[in-house]
$ cat query-v3.txt   # compact mmCIF, N, CA, C and O atoms
# COMPACT_ATOMS: atom_id res chain seq x y z
N MET A 1 118.14 67.20 90.60
CA MET A 1 117.46 68.48 90.65
C MET A 1 118.51 69.57 90.72
O MET A 1 119.44 69.50 91.50
N GLY A 2 118.36 70.56 89.88
CA GLY A 2 119.31 71.65 89.85
C GLY A 2 119.07 72.65 90.96
O GLY A 2 118.04 72.65 91.63
N TYR A 3 120.05 73.49 91.18
CA TYR A 3 119.95 74.51 92.23
C TYR A 3 118.74 75.41 92.01
O TYR A 3 118.03 75.75 92.93
N GLY A 4 118.46 75.76 90.76
CA GLY A 4 117.36 76.66 90.47
C GLY A 4 116.02 76.11 90.91
O GLY A 4 115.22 76.81 91.52
N LYS A 5 115.76 74.85 90.63
CA LYS A 5 114.49 74.24 91.02
C LYS A 5 114.39 74.11 92.53
O LYS A 5 113.35 74.40 93.12
N ALA A 6 115.47 73.70 93.18
CA ALA A 6 115.46 73.57 94.63
C ALA A 6 115.21 74.93 95.30
O ALA A 6 114.45 75.03 96.27
N HIS A 7 115.84 75.95 94.75
CA HIS A 7 115.65 77.31 95.29
C HIS A 7 114.21 77.77 95.12
O HIS A 7 113.61 78.33 96.03
N LEU A 8 113.64 77.52 93.95
CA LEU A 8 112.26 77.91 93.68
C LEU A 8 111.30 77.16 94.59
O LEU A 8 110.37 77.75 95.15
N GLU A 9 111.50 75.86 94.78
CA GLU A 9 110.63 75.08 95.66
C GLU A 9 110.69 75.60 97.09
O GLU A 9 109.66 75.71 97.76
N GLU A 10 111.87 75.95 97.56
CA GLU A 10 112.00 76.47 98.92
C GLU A 10 111.31 77.84 99.03
O GLU A 10 110.65 78.13 100.02
N ARG A 11 111.45 78.66 98.01
CA ARG A 11 110.78 79.96 98.04
C ARG A 11 109.26 79.79 98.06
O ARG A 11 108.55 80.47 98.80
N LEU A 12 108.74 78.88 97.23
CA LEU A 12 107.31 78.61 97.22
C LEU A 12 106.85 78.07 98.58
O LEU A 12 105.79 78.45 99.07
N ARG A 13 107.65 77.21 99.19
CA ARG A 13 107.31 76.67 100.51
C ARG A 13 107.20 77.79 101.55
O ARG A 13 106.26 77.85 102.32
N ARG A 14 108.16 78.70 101.52
CA ARG A 14 108.14 79.81 102.48
C ARG A 14 106.94 80.73 102.26
O ARG A 14 106.29 81.15 103.22
N VAL A 15 106.67 81.07 101.00
CA VAL A 15 105.52 81.94 100.70
C VAL A 15 104.23 81.28 101.18
O VAL A 15 103.39 81.92 101.82
N LEU A 16 104.05 79.99 100.87
CA LEU A 16 102.84 79.30 101.30
C LEU A 16 102.74 79.22 102.81
O LEU A 16 101.65 79.41 103.38
N ALA A 17 103.84 78.97 103.49
CA ALA A 17 103.82 78.91 104.95
C ALA A 17 103.35 80.23 105.54
O ALA A 17 102.53 80.26 106.46
N GLU A 18 103.87 81.34 105.01
CA GLU A 18 103.46 82.66 105.50
C GLU A 18 101.99 82.94 105.21
O GLU A 18 101.27 83.46 106.06
N GLU A 19 101.55 82.61 104.01
CA GLU A 19 100.16 82.88 103.63
C GLU A 19 99.18 81.99 104.40
O GLU A 19 98.11 82.44 104.78
N ILE A 20 99.54 80.75 104.63
CA ILE A 20 98.67 79.85 105.40
C ILE A 20 98.56 80.34 106.84
O ILE A 20 97.49 80.30 107.43
N GLN A 21 99.67 80.82 107.38
CA GLN A 21 99.65 81.35 108.74
C GLN A 21 98.69 82.55 108.86
O GLN A 21 98.06 82.75 109.89
N ALA A 22 98.56 83.31 107.78
CA ALA A 22 97.70 84.49 107.78
C ALA A 22 96.22 84.14 107.61
O ALA A 22 95.36 84.99 107.86
N LEU A 23 95.91 82.91 107.18
CA LEU A 23 94.51 82.51 107.03
C LEU A 23 93.87 82.40 108.41
O LEU A 23 94.49 81.93 109.36
N GLU A 24 92.64 82.82 108.51
CA GLU A 24 91.95 82.81 109.80
C GLU A 24 91.03 81.61 109.90
O GLU A 24 89.82 81.74 110.08
N ASP A 25 91.61 80.43 109.78
CA ASP A 25 90.85 79.19 109.87
C ASP A 25 91.41 78.40 111.05
O ASP A 25 92.59 78.05 111.05
N PRO A 26 90.59 78.10 112.04
CA PRO A 26 91.10 77.40 113.23
C PRO A 26 91.65 76.01 112.92
O PRO A 26 92.47 75.49 113.67
N ARG A 27 91.24 75.41 111.81
CA ARG A 27 91.75 74.08 111.45
C ARG A 27 93.22 74.14 111.05
O ARG A 27 93.90 73.12 111.00
N LEU A 28 93.72 75.34 110.77
CA LEU A 28 95.10 75.50 110.32
C LEU A 28 96.01 76.03 111.42
O LEU A 28 97.14 76.41 111.16
N PHE A 29 95.51 76.03 112.65
CA PHE A 29 96.26 76.64 113.75
C PHE A 29 97.62 75.97 113.97
O PHE A 29 98.63 76.63 114.06
N LEU A 30 97.65 74.67 114.07
CA LEU A 30 98.91 73.95 114.28
C LEU A 30 99.27 73.19 113.02
O LEU A 30 99.05 71.98 112.91
N LEU A 31 99.81 73.91 112.05
CA LEU A 31 100.14 73.32 110.77
C LEU A 31 101.51 73.81 110.33
O LEU A 31 101.83 74.98 110.47
N ALA A 32 102.32 72.88 109.82
CA ALA A 32 103.64 73.23 109.30
C ALA A 32 103.74 72.81 107.84
O ALA A 32 103.34 71.70 107.50
N VAL A 33 104.26 73.69 107.02
CA VAL A 33 104.51 73.35 105.62
C VAL A 33 105.93 72.80 105.58
O VAL A 33 106.90 73.52 105.76
N GLU A 34 106.03 71.49 105.36
CA GLU A 34 107.31 70.80 105.45
C GLU A 34 108.11 70.83 104.14
O GLU A 34 109.33 70.95 104.17
N GLU A 35 107.41 70.68 103.02
CA GLU A 35 108.12 70.61 101.75
C GLU A 35 107.18 70.97 100.62
O GLU A 35 105.97 70.77 100.71
N ALA A 36 107.74 71.50 99.54
CA ALA A 36 106.99 71.78 98.32
C ALA A 36 107.78 71.22 97.15
O ALA A 36 108.99 71.46 97.06
N ARG A 37 107.11 70.45 96.30
CA ARG A 37 107.77 69.85 95.14
C ARG A 37 107.02 70.24 93.87
O ARG A 37 105.82 69.97 93.75
N LEU A 38 107.73 70.84 92.96
CA LEU A 38 107.16 71.27 91.69
C LEU A 38 107.32 70.16 90.66
O LEU A 38 108.39 69.56 90.55
N SER A 39 106.24 69.87 89.94
CA SER A 39 106.32 68.84 88.89
C SER A 39 107.27 69.31 87.80
O SER A 39 107.52 70.50 87.65
N PRO A 40 107.82 68.37 87.02
CA PRO A 40 108.78 68.75 85.97
C PRO A 40 108.24 69.79 84.98
O PRO A 40 108.99 70.64 84.52
N ASP A 41 106.95 69.75 84.69
CA ASP A 41 106.39 70.72 83.75
C ASP A 41 105.89 72.00 84.44
O ASP A 41 105.43 72.92 83.79
N GLY A 42 105.99 72.05 85.76
CA GLY A 42 105.59 73.24 86.51
C GLY A 42 104.09 73.42 86.67
O GLY A 42 103.64 74.44 87.17
N ALA A 43 103.30 72.42 86.29
CA ALA A 43 101.84 72.55 86.35
C ALA A 43 101.26 72.21 87.72
O ALA A 43 100.15 72.61 88.03
N LEU A 44 102.01 71.50 88.54
CA LEU A 44 101.50 71.03 89.83
C LEU A 44 102.55 71.25 90.91
O LEU A 44 103.72 70.90 90.73
N LEU A 45 102.12 71.82 92.01
CA LEU A 45 102.98 71.98 93.18
C LEU A 45 102.41 71.11 94.28
O LEU A 45 101.30 71.36 94.77
N SER A 46 103.15 70.07 94.64
CA SER A 46 102.74 69.19 95.74
C SER A 46 103.27 69.79 97.03
O SER A 46 104.49 69.99 97.17
N VAL A 47 102.37 70.10 97.94
CA VAL A 47 102.72 70.75 99.19
C VAL A 47 102.48 69.76 100.33
O VAL A 47 101.36 69.33 100.55
N TYR A 48 103.56 69.40 101.01
CA TYR A 48 103.48 68.44 102.11
C TYR A 48 103.36 69.21 103.42
O TYR A 48 104.21 70.04 103.74
N VAL A 49 102.28 68.94 104.15
CA VAL A 49 102.02 69.65 105.39
C VAL A 49 101.88 68.66 106.54
O VAL A 49 101.47 67.52 106.36
N GLU A 50 102.24 69.13 107.72
CA GLU A 50 102.07 68.34 108.93
C GLU A 50 101.10 69.09 109.84
O GLU A 50 101.37 70.22 110.24
N ALA A 51 99.98 68.45 110.11
CA ALA A 51 98.97 69.03 110.98
C ALA A 51 99.09 68.36 112.35
O ALA A 51 99.06 67.14 112.44
N PHE A 52 99.21 69.16 113.37
CA PHE A 52 99.36 68.61 114.72
C PHE A 52 98.01 68.48 115.41
O PHE A 52 97.94 68.18 116.58
N GLY A 53 96.95 68.71 114.65
CA GLY A 53 95.60 68.55 115.16
C GLY A 53 94.82 67.65 114.22
O GLY A 53 95.23 66.53 113.94
N ASP A 54 93.76 68.19 113.68
CA ASP A 54 92.88 67.45 112.77
C ASP A 54 93.46 67.50 111.35
O ASP A 54 93.28 68.49 110.64
N GLU A 55 94.15 66.44 110.95
CA GLU A 55 94.81 66.43 109.64
C GLU A 55 93.80 66.54 108.50
O GLU A 55 93.99 67.31 107.56
N ARG A 56 92.73 65.79 108.59
CA ARG A 56 91.72 65.80 107.52
C ARG A 56 91.08 67.19 107.39
O ARG A 56 90.90 67.71 106.29
N GLY A 57 90.74 67.81 108.51
CA GLY A 57 90.16 69.14 108.48
C GLY A 57 91.12 70.17 107.92
O GLY A 57 90.73 71.07 107.18
N ALA A 58 92.40 70.03 108.27
CA ALA A 58 93.41 70.96 107.76
C ALA A 58 93.55 70.84 106.25
O ALA A 58 93.62 71.85 105.54
N LEU A 59 93.56 69.60 105.74
CA LEU A 59 93.68 69.40 104.29
C LEU A 59 92.46 69.95 103.56
O LEU A 59 92.58 70.54 102.48
N GLU A 60 91.27 69.80 104.15
CA GLU A 60 90.06 70.37 103.55
C GLU A 60 90.13 71.90 103.53
O GLU A 60 89.75 72.53 102.54
N ALA A 61 90.59 72.49 104.62
CA ALA A 61 90.71 73.95 104.69
C ALA A 61 91.69 74.47 103.65
O ALA A 61 91.45 75.50 103.00
N LEU A 62 92.79 73.76 103.47
CA LEU A 62 93.78 74.17 102.48
C LEU A 62 93.23 74.06 101.06
O LEU A 62 93.47 74.94 100.23
N ALA A 63 92.49 73.01 100.79
CA ALA A 63 91.89 72.85 99.47
C ALA A 63 90.91 73.99 99.18
O ALA A 63 90.87 74.52 98.06
N ARG A 64 90.17 74.41 100.19
CA ARG A 64 89.22 75.53 100.00
C ARG A 64 89.94 76.85 99.79
O ARG A 64 89.42 77.74 99.13
N ALA A 65 91.14 76.98 100.35
CA ALA A 65 91.90 78.24 100.25
C ALA A 65 92.84 78.25 99.06
O ALA A 65 93.62 79.20 98.91
N GLU A 66 92.78 77.25 98.19
CA GLU A 66 93.73 77.15 97.08
C GLU A 66 93.76 78.42 96.22
O GLU A 66 94.83 78.91 95.87
N GLY A 67 92.61 78.96 95.89
CA GLY A 67 92.57 80.16 95.05
C GLY A 67 93.32 81.32 95.67
O GLY A 67 94.09 82.02 95.00
N ARG A 68 93.11 81.53 96.96
CA ARG A 68 93.79 82.62 97.66
C ARG A 68 95.30 82.37 97.71
O ARG A 68 96.10 83.30 97.56
N LEU A 69 95.69 81.12 97.90
CA LEU A 69 97.11 80.79 97.98
C LEU A 69 97.80 80.93 96.63
O LEU A 69 98.92 81.42 96.55
N VAL A 70 97.12 80.53 95.57
CA VAL A 70 97.68 80.70 94.22
C VAL A 70 97.82 82.19 93.91
O VAL A 70 98.82 82.62 93.32
N ALA A 71 96.85 82.99 94.32
CA ALA A 71 96.93 84.44 94.11
C ALA A 71 98.13 85.02 94.85
O ALA A 71 98.81 85.92 94.33
N ALA A 72 98.42 84.51 96.03
CA ALA A 72 99.58 84.99 96.79
C ALA A 72 100.87 84.62 96.08
O ALA A 72 101.81 85.42 96.02
N ILE A 73 100.92 83.41 95.52
CA ILE A 73 102.10 83.01 94.75
C ILE A 73 102.27 83.94 93.56
O ILE A 73 103.38 84.40 93.26
N LYS A 74 101.17 84.25 92.89
CA LYS A 74 101.23 85.13 91.72
C LYS A 74 101.79 86.50 92.09
O LYS A 74 102.58 87.08 91.34
N ARG A 75 101.39 87.02 93.25
CA ARG A 75 101.87 88.33 93.71
C ARG A 75 103.34 88.31 94.10
O ARG A 75 104.06 89.28 93.91
N ARG A 76 103.79 87.21 94.69
CA ARG A 76 105.09 87.22 95.36
C ARG A 76 106.21 86.47 94.64
O ARG A 76 107.38 86.65 94.98
N VAL A 77 105.88 85.61 93.68
CA VAL A 77 106.90 84.81 92.99
C VAL A 77 106.68 84.93 91.49
O VAL A 77 105.57 84.76 91.01
N ARG A 78 107.73 85.22 90.77
CA ARG A 78 107.62 85.35 89.31
C ARG A 78 107.73 83.96 88.69
O ARG A 78 108.75 83.29 88.79
N LEU A 79 106.64 83.54 88.05
CA LEU A 79 106.59 82.24 87.38
C LEU A 79 105.99 82.41 86.00
O LEU A 79 105.13 83.26 85.79
N LYS A 80 106.42 81.58 85.06
CA LYS A 80 105.83 81.61 83.73
C LYS A 80 104.40 81.11 83.76
O LYS A 80 103.53 81.61 83.06
N ARG A 81 104.16 80.10 84.58
CA ARG A 81 102.83 79.51 84.69
C ARG A 81 102.56 79.20 86.15
O ARG A 81 103.39 78.64 86.84
N LEU A 82 101.36 79.56 86.60
CA LEU A 82 101.00 79.29 87.99
C LEU A 82 100.63 77.81 88.13
O LEU A 82 99.85 77.29 87.35
N PRO A 83 101.17 77.17 89.15
CA PRO A 83 100.85 75.75 89.33
C PRO A 83 99.52 75.56 90.06
O PRO A 83 99.05 76.43 90.78
N ARG A 84 98.94 74.41 89.84
CA ARG A 84 97.81 73.95 90.64
C ARG A 84 98.40 73.41 91.92
O ARG A 84 99.49 72.82 91.92
N LEU A 85 97.73 73.60 93.04
CA LEU A 85 98.25 73.15 94.33
C LEU A 85 97.61 71.84 94.74
O LEU A 85 96.41 71.64 94.57
N GLU A 86 98.43 70.96 95.28
CA GLU A 86 97.98 69.68 95.80
C GLU A 86 98.54 69.57 97.22
O GLU A 86 99.75 69.63 97.42
N PHE A 87 97.65 69.45 98.21
CA PHE A 87 98.08 69.37 99.60
C PHE A 87 98.05 67.92 100.05
O PHE A 87 97.04 67.24 99.91
N LEU A 88 99.18 67.48 100.58
CA LEU A 88 99.34 66.09 100.99
C LEU A 88 99.87 66.02 102.42
O LEU A 88 100.64 66.90 102.85
N PRO A 89 99.49 64.99 103.16
CA PRO A 89 100.04 64.84 104.51
C PRO A 89 101.53 64.50 104.45
O PRO A 89 101.96 63.75 103.59
N TRP A 90 102.26 65.07 105.36
CA TRP A 90 103.70 64.85 105.44
C TRP A 90 103.95 63.49 106.09
O TRP A 90 103.39 63.14 107.09
N ARG A 91 104.84 62.76 105.48
CA ARG A 91 105.35 61.52 106.07
C ARG A 91 106.86 61.68 106.10
O ARG A 91 107.42 62.53 105.42
N ALA A 92 107.54 60.86 106.85
CA ALA A 92 108.98 61.00 107.04
C ALA A 92 109.72 61.18 105.71
O ALA A 92 110.57 62.03 105.59
N GLU A 93 109.38 60.43 104.71
CA GLU A 93 110.00 60.54 103.39
C GLU A 93 108.94 60.52 102.32
O GLU A 93 108.50 59.46 101.89
N PRO A 94 108.45 61.71 101.88
CA PRO A 94 107.45 61.71 100.82
C PRO A 94 108.04 61.13 99.54
O PRO A 94 109.22 61.34 99.26
N SER A 95 107.23 60.40 98.80
CA SER A 95 107.75 59.78 97.58
C SER A 95 107.55 60.66 96.37
O SER A 95 106.82 61.58 96.35
$ encode --input "query-v3.txt" --output "structure tokens"
Amino acid sequence: MGYGKAHLEERLRRVLAEEIQALEDPRLFLLAVEEARLSPDGALLSVYVEAFGDERGALEALARAEGRLVAAIKRRVRLKRLPRLEFLPWRAEPS
């Protein structure tokens, strides 16, 4: 992975972390965005999150907020194509 892709993934991770924190959903209260991985074609962003409460509820809340989160990415990060978001539970080493 080149520096450019790693930098972009980290920027996307930070933007999503800030935007998720701003959501007013109690299921997302104790949630950390651990990593974001962009697919080679840029069509999918896999977002690994760690929920310290109800993991299933947090993933459902994130799926419902996908449109708002993609809109935030559009506002804050310059991309040729907006990715679809996929929220996955964080494990020690995501594959």
$ atom_distance --input "query-v3.txt" --atom1 "atom CA of Lys74 of chain A" --atom2 "atom O of Leu88 of chain A"
21.4 Å
$ residues_around --input "query-v3.txt" --residues "segment 35-38 of chain A" --least-positions-apart "4" --cutoff "5 Å" --atoms "only N, CA, C and O atoms" --output "number ranges by chain"
A: 9, 44-48
$ residues_around --input "query-v3.txt" --residues "Ala65 of chain A" --least-positions-apart "5" --cutoff "12 Å" --atoms "only C-alpha atoms" --output "VMD selection string"
chain A and resid 16 19 to 25 27 to 28 58 to 60 70 to 72 85 to 87
$ closest_residue --input "query-v3.txt" --among "A:Glu34, A:Glu10, A:Asp41, A:Glu18" --to "Trp90 of chain A" --atoms "all atoms listed in the file"
A:Glu34
$ closest_residue --input "query-v3.txt" --among "A:Ala17, A:Ala6, A:Leu31, A:Ala43" --to "Gly57 of chain A" --atoms "only C-alpha atoms"
A:Leu31
$ select_by_dssp --input "query-v3.txt" --residues "chain A" --states "strand (DSSP E or B)" --output "PDB file with N, CA, C and O atoms, in the frame of the given file"
ATOM      1  N   LEU A  31      99.810  73.910 112.050  1.00  0.00           N
ATOM      2  CA  LEU A  31     100.140  73.320 110.770  1.00  0.00           C
ATOM      3  C   LEU A  31     101.510  73.810 110.330  1.00  0.00           C
ATOM      4  O   LEU A  31     101.830  74.980 110.470  1.00  0.00           O
ATOM      5  N   ALA A  32     102.320  72.880 109.820  1.00  0.00           N
ATOM      6  CA  ALA A  32     103.640  73.230 109.300  1.00  0.00           C
ATOM      7  C   ALA A  32     103.740  72.810 107.840  1.00  0.00           C
ATOM      8  O   ALA A  32     103.340  71.700 107.500  1.00  0.00           O
ATOM      9  N   VAL A  33     104.260  73.690 107.020  1.00  0.00           N
ATOM     10  CA  VAL A  33     104.510  73.350 105.620  1.00  0.00           C
ATOM     11  C   VAL A  33     105.930  72.800 105.580  1.00  0.00           C
ATOM     12  O   VAL A  33     106.900  73.520 105.760  1.00  0.00           O
ATOM     13  N   GLU A  34     106.030  71.490 105.360  1.00  0.00           N
ATOM     14  CA  GLU A  34     107.310  70.800 105.450  1.00  0.00           C
ATOM     15  C   GLU A  34     108.110  70.830 104.140  1.00  0.00           C
ATOM     16  O   GLU A  34     109.330  70.950 104.170  1.00  0.00           O
ATOM     17  N   GLU A  35     107.410  70.680 103.020  1.00  0.00           N
ATOM     18  CA  GLU A  35     108.120  70.610 101.750  1.00  0.00           C
ATOM     19  C   GLU A  35     107.180  70.970 100.620  1.00  0.00           C
ATOM     20  O   GLU A  35     105.970  70.770 100.710  1.00  0.00           O
ATOM     21  N   ALA A  36     107.740  71.500  99.540  1.00  0.00           N
ATOM     22  CA  ALA A  36     106.990  71.780  98.320  1.00  0.00           C
ATOM     23  C   ALA A  36     107.780  71.220  97.150  1.00  0.00           C
ATOM     24  O   ALA A  36     108.990  71.460  97.060  1.00  0.00           O
ATOM     25  N   ARG A  37     107.110  70.450  96.300  1.00  0.00           N
ATOM     26  CA  ARG A  37     107.770  69.850  95.140  1.00  0.00           C
ATOM     27  C   ARG A  37     107.020  70.240  93.870  1.00  0.00           C
ATOM     28  O   ARG A  37     105.820  69.970  93.750  1.00  0.00           O
ATOM     29  N   LEU A  38     107.730  70.840  92.960  1.00  0.00           N
ATOM     30  CA  LEU A  38     107.160  71.270  91.690  1.00  0.00           C
ATOM     31  C   LEU A  38     107.320  70.160  90.660  1.00  0.00           C
ATOM     32  O   LEU A  38     108.390  69.560  90.550  1.00  0.00           O
ATOM     33  N   LEU A  44     102.010  71.500  88.540  1.00  0.00           N
ATOM     34  CA  LEU A  44     101.500  71.030  89.830  1.00  0.00           C
ATOM     35  C   LEU A  44     102.550  71.250  90.910  1.00  0.00           C
ATOM     36  O   LEU A  44     103.720  70.900  90.730  1.00  0.00           O
ATOM     37  N   LEU A  45     102.120  71.820  92.010  1.00  0.00           N
ATOM     38  CA  LEU A  45     102.980  71.980  93.180  1.00  0.00           C
ATOM     39  C   LEU A  45     102.410  71.110  94.280  1.00  0.00           C
ATOM     40  O   LEU A  45     101.300  71.360  94.770  1.00  0.00           O
ATOM     41  N   SER A  46     103.150  70.070  94.640  1.00  0.00           N
ATOM     42  CA  SER A  46     102.740  69.190  95.740  1.00  0.00           C
ATOM     43  C   SER A  46     103.270  69.790  97.030  1.00  0.00           C
ATOM     44  O   SER A  46     104.490  69.990  97.170  1.00  0.00           O
ATOM     45  N   VAL A  47     102.370  70.100  97.940  1.00  0.00           N
ATOM     46  CA  VAL A  47     102.720  70.750  99.190  1.00  0.00           C
ATOM     47  C   VAL A  47     102.480  69.760 100.330  1.00  0.00           C
ATOM     48  O   VAL A  47     101.360  69.330 100.550  1.00  0.00           O
ATOM     49  N   TYR A  48     103.560  69.400 101.010  1.00  0.00           N
ATOM     50  CA  TYR A  48     103.480  68.440 102.110  1.00  0.00           C
ATOM     51  C   TYR A  48     103.360  69.210 103.420  1.00  0.00           C
ATOM     52  O   TYR A  48     104.210  70.040 103.740  1.00  0.00           O
ATOM     53  N   VAL A  49     102.280  68.940 104.150  1.00  0.00           N
ATOM     54  CA  VAL A  49     102.020  69.650 105.390  1.00  0.00           C
ATOM     55  C   VAL A  49     101.880  68.660 106.540  1.00  0.00           C
ATOM     56  O   VAL A  49     101.470  67.520 106.360  1.00  0.00           O
ATOM     57  N   GLU A  50     102.240  69.130 107.720  1.00  0.00           N
ATOM     58  CA  GLU A  50     102.070  68.340 108.930  1.00  0.00           C
ATOM     59  C   GLU A  50     101.100  69.090 109.840  1.00  0.00           C
ATOM     60  O   GLU A  50     101.370  70.220 110.240  1.00  0.00           O
ATOM     61  N   ALA A  51      99.980  68.450 110.110  1.00  0.00           N
ATOM     62  CA  ALA A  51      98.970  69.030 110.980  1.00  0.00           C
ATOM     63  C   ALA A  51      99.090  68.360 112.350  1.00  0.00           C
ATOM     64  O   ALA A  51      99.060  67.140 112.440  1.00  0.00           O
ATOM     65  N   ARG A  84      98.940  74.410  89.840  1.00  0.00           N
ATOM     66  CA  ARG A  84      97.810  73.950  90.640  1.00  0.00           C
ATOM     67  C   ARG A  84      98.400  73.410  91.920  1.00  0.00           C
ATOM     68  O   ARG A  84      99.490  72.820  91.920  1.00  0.00           O
ATOM     69  N   LEU A  85      97.730  73.600  93.040  1.00  0.00           N
ATOM     70  CA  LEU A  85      98.250  73.150  94.330  1.00  0.00           C
ATOM     71  C   LEU A  85      97.610  71.840  94.740  1.00  0.00           C
ATOM     72  O   LEU A  85      96.410  71.640  94.570  1.00  0.00           O
ATOM     73  N   GLU A  86      98.430  70.960  95.280  1.00  0.00           N
ATOM     74  CA  GLU A  86      97.980  69.680  95.800  1.00  0.00           C
ATOM     75  C   GLU A  86      98.540  69.570  97.220  1.00  0.00           C
ATOM     76  O   GLU A  86      99.750  69.630  97.420  1.00  0.00           O
ATOM     77  N   PHE A  87      97.650  69.450  98.210  1.00  0.00           N
ATOM     78  CA  PHE A  87      98.080  69.370  99.600  1.00  0.00           C
ATOM     79  C   PHE A  87      98.050  67.920 100.050  1.00  0.00           C
ATOM     80  O   PHE A  87      97.040  67.240  99.910  1.00  0.00           O
ATOM     81  N   LEU A  88      99.180  67.480 100.580  1.00  0.00           N
ATOM     82  CA  LEU A  88      99.340  66.090 100.990  1.00  0.00           C
ATOM     83  C   LEU A  88      99.870  66.020 102.420  1.00  0.00           C
ATOM     84  O   LEU A  88     100.640  66.900 102.850  1.00  0.00           O
ATOM     85  N   PRO A  89      99.490  64.990 103.160  1.00  0.00           N
ATOM     86  CA  PRO A  89     100.040  64.840 104.510  1.00  0.00           C
ATOM     87  C   PRO A  89     101.530  64.500 104.450  1.00  0.00           C
ATOM     88  O   PRO A  89     101.960  63.750 103.590  1.00  0.00           O
TER      89      PRO A  89
END
$ atom_distance --input "query-v3.txt" --atom1 "atom CA of Arg76 of chain A" --atom2 "atom CA of Glu50 of chain A"
23.4 Å
$ atom_distance --input "query-v3.txt" --atom1 "atom N of Ala51 of chain A" --atom2 "atom N of Val15 of chain A"
16.9 Å
$ select_by_dssp --input "query-v3.txt" --residues "chain A" --states "helix (DSSP H, G or I)" --output "VMD selection string"
chain A and resid 3 to 22 26 to 28 55 to 64 66 to 76
$ residues_around --input "query-v3.txt" --residues "Gly42 of chain A" --least-positions-apart "5" --cutoff "6 Å" --atoms "all atoms listed in the file" --output "list in words"
Arg81, Leu82, Pro83 and Arg84 of chain A
$ build_atoms --input "query-v3.txt" --residues "segment 54-59 of chain A" --atoms "all heavy atoms" --output "compact mmCIF listing (two decimals), keeping the file's coordinate frame"
# COMPACT_ATOMS: atom_id res chain seq x y z
N ASP A 54 93.76 68.19 113.68
CA ASP A 54 92.88 67.45 112.77
C ASP A 54 93.46 67.50 111.35
O ASP A 54 93.28 68.49 110.64
CB ASP A 54 91.48 68.07 112.82
CG ASP A 54 90.52 67.44 111.83
OD1 ASP A 54 90.76 66.31 111.38
OD2 ASP A 54 89.51 68.10 111.52
N GLU A 55 94.15 66.44 110.95
CA GLU A 55 94.81 66.43 109.64
C GLU A 55 93.80 66.54 108.50
O GLU A 55 93.99 67.31 107.56
CB GLU A 55 95.62 65.15 109.48
CG GLU A 55 96.39 65.07 108.18
CD GLU A 55 97.22 63.82 108.09
OE1 GLU A 55 96.70 62.79 107.62
OE2 GLU A 55 98.40 63.88 108.50
N ARG A 56 92.73 65.79 108.59
CA ARG A 56 91.72 65.80 107.52
C ARG A 56 91.08 67.19 107.39
O ARG A 56 90.90 67.71 106.29
CB ARG A 56 90.66 64.75 107.82
CG ARG A 56 89.65 64.59 106.74
CD ARG A 56 88.72 63.45 107.09
NE ARG A 56 87.75 63.24 106.05
CZ ARG A 56 86.73 62.45 106.16
NH1 ARG A 56 86.51 61.79 107.27
NH2 ARG A 56 85.88 62.32 105.16
N GLY A 57 90.74 67.81 108.51
CA GLY A 57 90.16 69.14 108.48
C GLY A 57 91.12 70.17 107.92
O GLY A 57 90.73 71.07 107.18
N ALA A 58 92.40 70.03 108.27
CA ALA A 58 93.41 70.96 107.76
C ALA A 58 93.55 70.84 106.25
O ALA A 58 93.62 71.85 105.54
CB ALA A 58 94.74 70.71 108.45
N LEU A 59 93.56 69.60 105.74
CA LEU A 59 93.68 69.40 104.29
C LEU A 59 92.46 69.95 103.56
O LEU A 59 92.58 70.54 102.48
CB LEU A 59 93.89 67.92 103.97
CG LEU A 59 95.24 67.34 104.41
CD1 LEU A 59 95.26 65.83 104.22
CD2 LEU A 59 96.39 68.00 103.69
